[in-house]
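Read the structure below first, then the notes.
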Amino acid sequence: MIGRKNMGRGSPFLLVLLSFGFFFATYNVLTLIMHYKSSNSGDGLDLSDPVTQMPDEVKNIGNSKSRFHVALTATDAPYSQWQCRINYYWYKKMKDMPRSDMGKFTRILHSGKTDYLVDEIPTFVVDPLPEGLDRGYIVLNRPWAFVQWLEKATIEEEYILMAEPDHLFVNPLPNLAHGDNPAGYPFFYIKPVQNEKIIRKFYPEKYGPVTNVDPIGNSPVIIKKSILEEISPTWVNISLRMKDDPETDKAFGWVLEMYAYAVASALHGVRHVLRKDFMLQPPWDLEIGKKFIIHYTYGCDYSLEGKLTYGKVGEWRFDKRSYLSGPPPKNLTLPPPGVPESVTFQEKEIRKQHLSLISE
């Protein structure tokens, strides 16, 4: 299934330094590891109450029951392709299970042309940013891709889940949004209050306190389509303005586009219900439990005794960035005994889906 609409420009845009862009936009693992370790007990987030923030006006409103369209942005790079295949497999596995509100699925391909996966994964092709505008930061194409898709595609569902290729759906996902209030995941490293000086460049005082800017990125987020249509152009503009500002670019680095979404939402008066059970991130979150998505963005390094080696390449390791040019090998080794459930499950499923899908 392929969607393709011409956005009216005179010539197609080329994606600049694709593989480098993906690598540049990935996490500074060592810095985040030490920060996460110091700010958490090591047992993962306490899920006794999964809702960490809910606007007062929606406390008496139940979760939305409407189905949501699952959408992720991607490129035609091998690094993106193998993750998309695994993501789509898990979407199909969870879609029709009890308590799931998943609707249809779209891979928004912002390479400007089709690839070999269009016959396997429902795909809508959009254009990348004008050449050089992303400055090697490939993630800047994400908001622009959503703008094009929302404008040109036919989307039947009232809500949209903005997902990413490196998400595994591990439990049936209901619509966690509350009416006009989207559901988002609180990232520990998105800190608008601590970065108020920079945030105020894009969110002036007249709009309200900086606490109106939620500590989120755009993914995972479940949001009304009509609201995302309003936010997305602002998200594009704020992203580009932040990238153009040297102080902001240096301070926010690879999470710049995440801050841009948070600011764009606040500028439109949109507050998110924050759900810490929305997602888990191995190796820091140890158990899957009732959480919905595994985000396998961090490198996982362990000794053969099952001990996590902080910031040091382990005797056993898995890091998705080791496979920029293609999928993990068929003989990907499983974690040693003692490694937590979240990592073991993640590795088993990536290995299994590699054998059943990627080897086809």
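To be explicit about the labels: the chains of the structure tokens are called A, B, and onward in the order shown, and within each one the residues are counted from 1, while ligands get numbers from 1 in the order they are shown.
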What are the DSSP alpha helix (DSSP H) residues of region 149-229 of chain A, as a PDB file with C-alpha atoms, in the first residue's frame?
ATOM      1  CA  TRP A 149       0.977  13.344   5.745  1.00  0.00           C
ATOM      2  CA  LEU A 150      -1.774  15.094   7.686  1.00  0.00           C
ATOM      3  CA  GLU A 151      -2.448  17.419   4.758  1.00  0.00           C
ATOM      4  CA  LYS A 152      -2.534  14.843   1.991  1.00  0.00           C
ATOM      5  CA  GLU A 196      13.809  28.243  31.201  1.00  0.00           C
ATOM      6  CA  LYS A 197      16.205  30.828  29.756  1.00  0.00           C
ATOM      7  CA  ILE A 198      16.307  28.953  26.454  1.00  0.00           C
ATOM      8  CA  ILE A 199      12.650  27.942  26.479  1.00  0.00           C
ATOM      9  CA  LYS A 225      -5.768  14.255  14.637  1.00  0.00           C
ATOM     10  CA  SER A 226      -7.373  17.723  14.569  1.00  0.00           C
ATOM     11  CA  ILE A 227      -5.064  18.935  17.340  1.00  0.00           C
ATOM     12  CA  LEU A 228      -1.955  17.477  15.705  1.00  0.00           C
ATOM     13  CA  GLU A 229      -2.928  19.269  12.498  1.00  0.00           C
TER      14      GLU A 229
END
List as an mmCIF file with C-alpha atoms, in the first residue's frame the protein and nucleic acid residues near Val193 (chain A), meaning an atom at most 10 Å away when only C-alpha atoms are counted, but skip any in the same chain fewer than 4 places from it.
data_model
loop_
_atom_site.group_PDB
_atom_site.id
_atom_site.type_symbol
_atom_site.label_atom_id
_atom_site.label_comp_id
_atom_site.auth_asym_id
_atom_site.auth_seq_id
_atom_site.Cartn_x
_atom_site.Cartn_y
_atom_site.Cartn_z
ATOM 1 C CA LYS A 197 16.205 30.828 29.756
ATOM 2 C CA ILE A 198 16.307 28.953 26.454
ATOM 3 C CA ILE A 199 12.650 27.942 26.479
ATOM 4 C CA PRO A 209 4.582 29.774 33.126
ATOM 5 C CA VAL A 210 7.280 27.548 31.701
ATOM 6 C CA THR A 211 5.679 24.651 33.568
ATOM 7 C CA ASN A 212 3.080 24.685 30.782
ATOM 8 C CA VAL A 213 5.745 23.027 28.621
ATOM 9 C CA ASP A 214 5.423 19.303 29.256
ATOM 10 C CA PRO A 215 8.579 17.159 29.731
#
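Compared by their closest atoms to Glu247 (chain A), and using only C-alpha atoms, the residues A:Lys206, A:Pro220, A:Asn195, A:Thr309 rank with A:Asn195 nearest.
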Neighbours of Ser239 (chain A) within 12 Å (only C-alpha atoms; same-chain residues fewer than 4 positions away dropped), as a PyMOL selection string?
-> chain A and resi 133-134+137-144+202+232-235+243-245+248-249+252-264
Prev. selection, C-alpha atoms, output as a JSON list (two decimals), in the first residue's frame:
[["chain", "number", "residue", "atom", "x", "y", "z"],
["A", 133, "LEU", "CA", 18.18, 22.36, 5.89],
["A", 134, "ASP", "CA", 18.42, 19.51, 8.37],
["A", 137, "TYR", "CA", 20.18, 16.23, 12.04],
["A", 138, "ILE", "CA", 17.85, 13.81, 10.31],
["A", 139, "VAL", "CA", 15.14, 14.04, 12.97],
["A", 140, "LEU", "CA", 14.23, 17.54, 11.78],
["A", 141, "ASN", "CA", 12.41, 15.78, 8.95],
["A", 142, "ARG", "CA", 9.93, 14.24, 11.39],
["A", 143, "PRO", "CA", 7.65, 17.26, 11.96],
["A", 144, "TRP", "CA", 7.76, 18.17, 8.26],
["A", 202, "PHE", "CA", 10.39, 30.32, 21.93],
["A", 232, "SER", "CA", 2.51, 20.32, 13.44],
["A", 233, "PRO", "CA", 3.28, 23.49, 11.41],
["A", 234, "THR", "CA", 4.36, 25.21, 14.64],
["A", 235, "TRP", "CA", 6.44, 22.16, 15.51],
["A", 243, "LYS", "CA", 18.40, 24.57, 15.12],
["A", 244, "ASP", "CA", 19.24, 28.06, 13.85],
["A", 245, "ASP", "CA", 19.99, 29.31, 17.36],
["A", 248, "THR", "CA", 19.71, 26.24, 21.81],
["A", 249, "ASP", "CA", 21.32, 23.83, 19.38],
["A", 252, "PHE", "CA", 19.45, 20.58, 23.43],
["A", 253, "GLY", "CA", 21.56, 18.63, 20.92],
["A", 254, "TRP", "CA", 19.92, 15.40, 19.77],
["A", 255, "VAL", "CA", 16.73, 16.09, 21.78],
["A", 256, "LEU", "CA", 16.12, 19.46, 20.13],
["A", 257, "GLU", "CA", 13.16, 18.25, 18.08],
["A", 258, "MET", "CA", 11.61, 16.77, 21.23],
["A", 259, "TYR", "CA", 11.78, 20.13, 22.98],
["A", 260, "ALA", "CA", 10.33, 21.73, 19.86],
["A", 261, "TYR", "CA", 7.25, 19.50, 20.02],
["A", 262, "ALA", "CA", 6.79, 20.24, 23.72],
["A", 263, "VAL", "CA", 7.02, 23.99, 23.11],
["A", 264, "ALA", "CA", 4.75, 23.87, 20.06]]
Using only C-alpha atoms, tabulate the residues of region 149-186 of chain A lying at most 7 Å from any atom of region 293-307 of chain A, each with its closest atom pair and that distance in Å to one decimal, by chain and increasing residue number, as a Markdown table.
| residue | atom | partner | partner_atom | distance |
| --- | --- | --- | --- | --- |
| A:Asp166 | CA | A:Tyr296 | CA | 5.9 |
| A:His167 | CA | A:His295 | CA | 4.8 |
| A:Leu168 | CA | A:Ile294 | CA | 5.0 |
| A:Phe169 | CA | A:Ile293 | CA | 4.7 |
| A:Val170 | CA | A:Ile293 | CA | 5.6 |
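As for CA of Glu287 (chain A) and CA of Met162 (chain A), they are spaced 23.5 Å apart.
Here the question is which of A:His178, A:Lys352, A:Arg200, A:Lys290 gets nearest to Val273 (chain A) using only C-alpha atoms, and that residue is A:His178.
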Residues within 10 Å of Ser322 (chain A), please, as a tab-separated table (two decimals) with C-alpha atoms, in the first residue's frame. Count only C-alpha atoms; anything in the same chain fewer than 5 positions from it doesn't count.
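After the write, selection.tsv holds the following:
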chain	number	residue	atom	x	y	z
A	79	TYR	CA	19.01	0.97	9.71
A	299	GLY	CA	22.93	0.17	24.30
A	317	ARG	CA	26.09	-6.31	24.30
A	327	PRO	CA	19.81	-5.93	10.41
A	328	PRO	CA	21.41	-7.83	13.29
Interface rows for region 42-157 of chain A against region 334-350 of chain A: nearest pair, Å to one decimal, 10 Å, only C-alpha atoms, as CSV:
residue,atom,partner,partner_atom,distance
A:Trp82,CA,A:Ile350,CA,9.9
A:Gln83,CA,A:Ile350,CA,9.0
A:Ile86,CA,A:Ile350,CA,7.2
A:Asn87,CA,A:Ile350,CA,9.8
A:Trp90,CA,A:Glu349,CA,9.6
Restricted to all heavy atoms, what would the selected residues look like written as a tab-separated table (two decimals), in the first residue's frame?
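again13.tsv, freshly written:
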chain	number	residue	atom	x	y	z
A	82	TRP	N	15.02	-2.23	8.94
A	82	TRP	CA	14.88	-3.45	9.74
A	82	TRP	C	14.10	-3.19	11.03
A	82	TRP	O	13.35	-4.05	11.50
A	82	TRP	CB	16.23	-4.12	10.02
A	82	TRP	CG	17.23	-3.42	10.90
A	82	TRP	CD1	18.31	-2.69	10.52
A	82	TRP	CD2	17.28	-3.47	12.34
A	82	TRP	NE1	19.01	-2.25	11.61
A	82	TRP	CE2	18.41	-2.72	12.74
A	82	TRP	CE3	16.48	-4.05	13.32
A	82	TRP	CZ2	18.77	-2.54	14.09
A	82	TRP	CZ3	16.83	-3.88	14.67
A	82	TRP	CH2	17.95	-3.14	15.03
A	83	GLN	N	14.24	-1.99	11.58
A	83	GLN	CA	13.45	-1.65	12.77
A	83	GLN	C	11.96	-1.51	12.44
A	83	GLN	O	11.10	-1.93	13.22
A	83	GLN	CB	13.97	-0.35	13.38
A	83	GLN	CG	15.39	-0.47	13.93
A	83	GLN	CD	15.92	0.85	14.44
A	83	GLN	OE1	15.34	1.48	15.32
A	83	GLN	NE2	17.05	1.28	13.89
A	86	ILE	N	10.23	-4.95	12.26
A	86	ILE	CA	9.94	-5.53	13.56
A	86	ILE	C	8.80	-4.78	14.22
A	86	ILE	O	7.91	-5.38	14.83
A	86	ILE	CB	11.21	-5.52	14.44
A	86	ILE	CG1	12.27	-6.45	13.83
A	86	ILE	CG2	10.88	-5.93	15.87
A	86	ILE	CD1	13.60	-6.43	14.54
A	87	ASN	N	8.79	-3.46	14.12
A	87	ASN	CA	7.71	-2.65	14.68
A	87	ASN	C	6.36	-3.07	14.10
A	87	ASN	O	5.37	-3.26	14.83
A	87	ASN	CB	7.98	-1.17	14.41
A	87	ASN	CG	6.88	-0.26	14.93
A	87	ASN	OD1	5.77	-0.23	14.40
A	87	ASN	ND2	7.19	0.53	15.93
A	90	TRP	N	4.96	-6.39	15.42
A	90	TRP	CA	4.36	-6.29	16.75
A	90	TRP	C	3.05	-5.52	16.72
A	90	TRP	O	2.14	-5.80	17.51
A	90	TRP	CB	5.36	-5.68	17.74
A	90	TRP	CG	6.27	-6.76	18.23
A	90	TRP	CD1	7.52	-7.06	17.78
A	90	TRP	CD2	5.96	-7.73	19.23
A	90	TRP	NE1	8.02	-8.15	18.44
A	90	TRP	CE2	7.08	-8.58	19.33
A	90	TRP	CE3	4.86	-7.96	20.04
A	90	TRP	CZ2	7.12	-9.64	20.23
A	90	TRP	CZ3	4.89	-9.02	20.94
A	90	TRP	CH2	6.02	-9.85	21.02
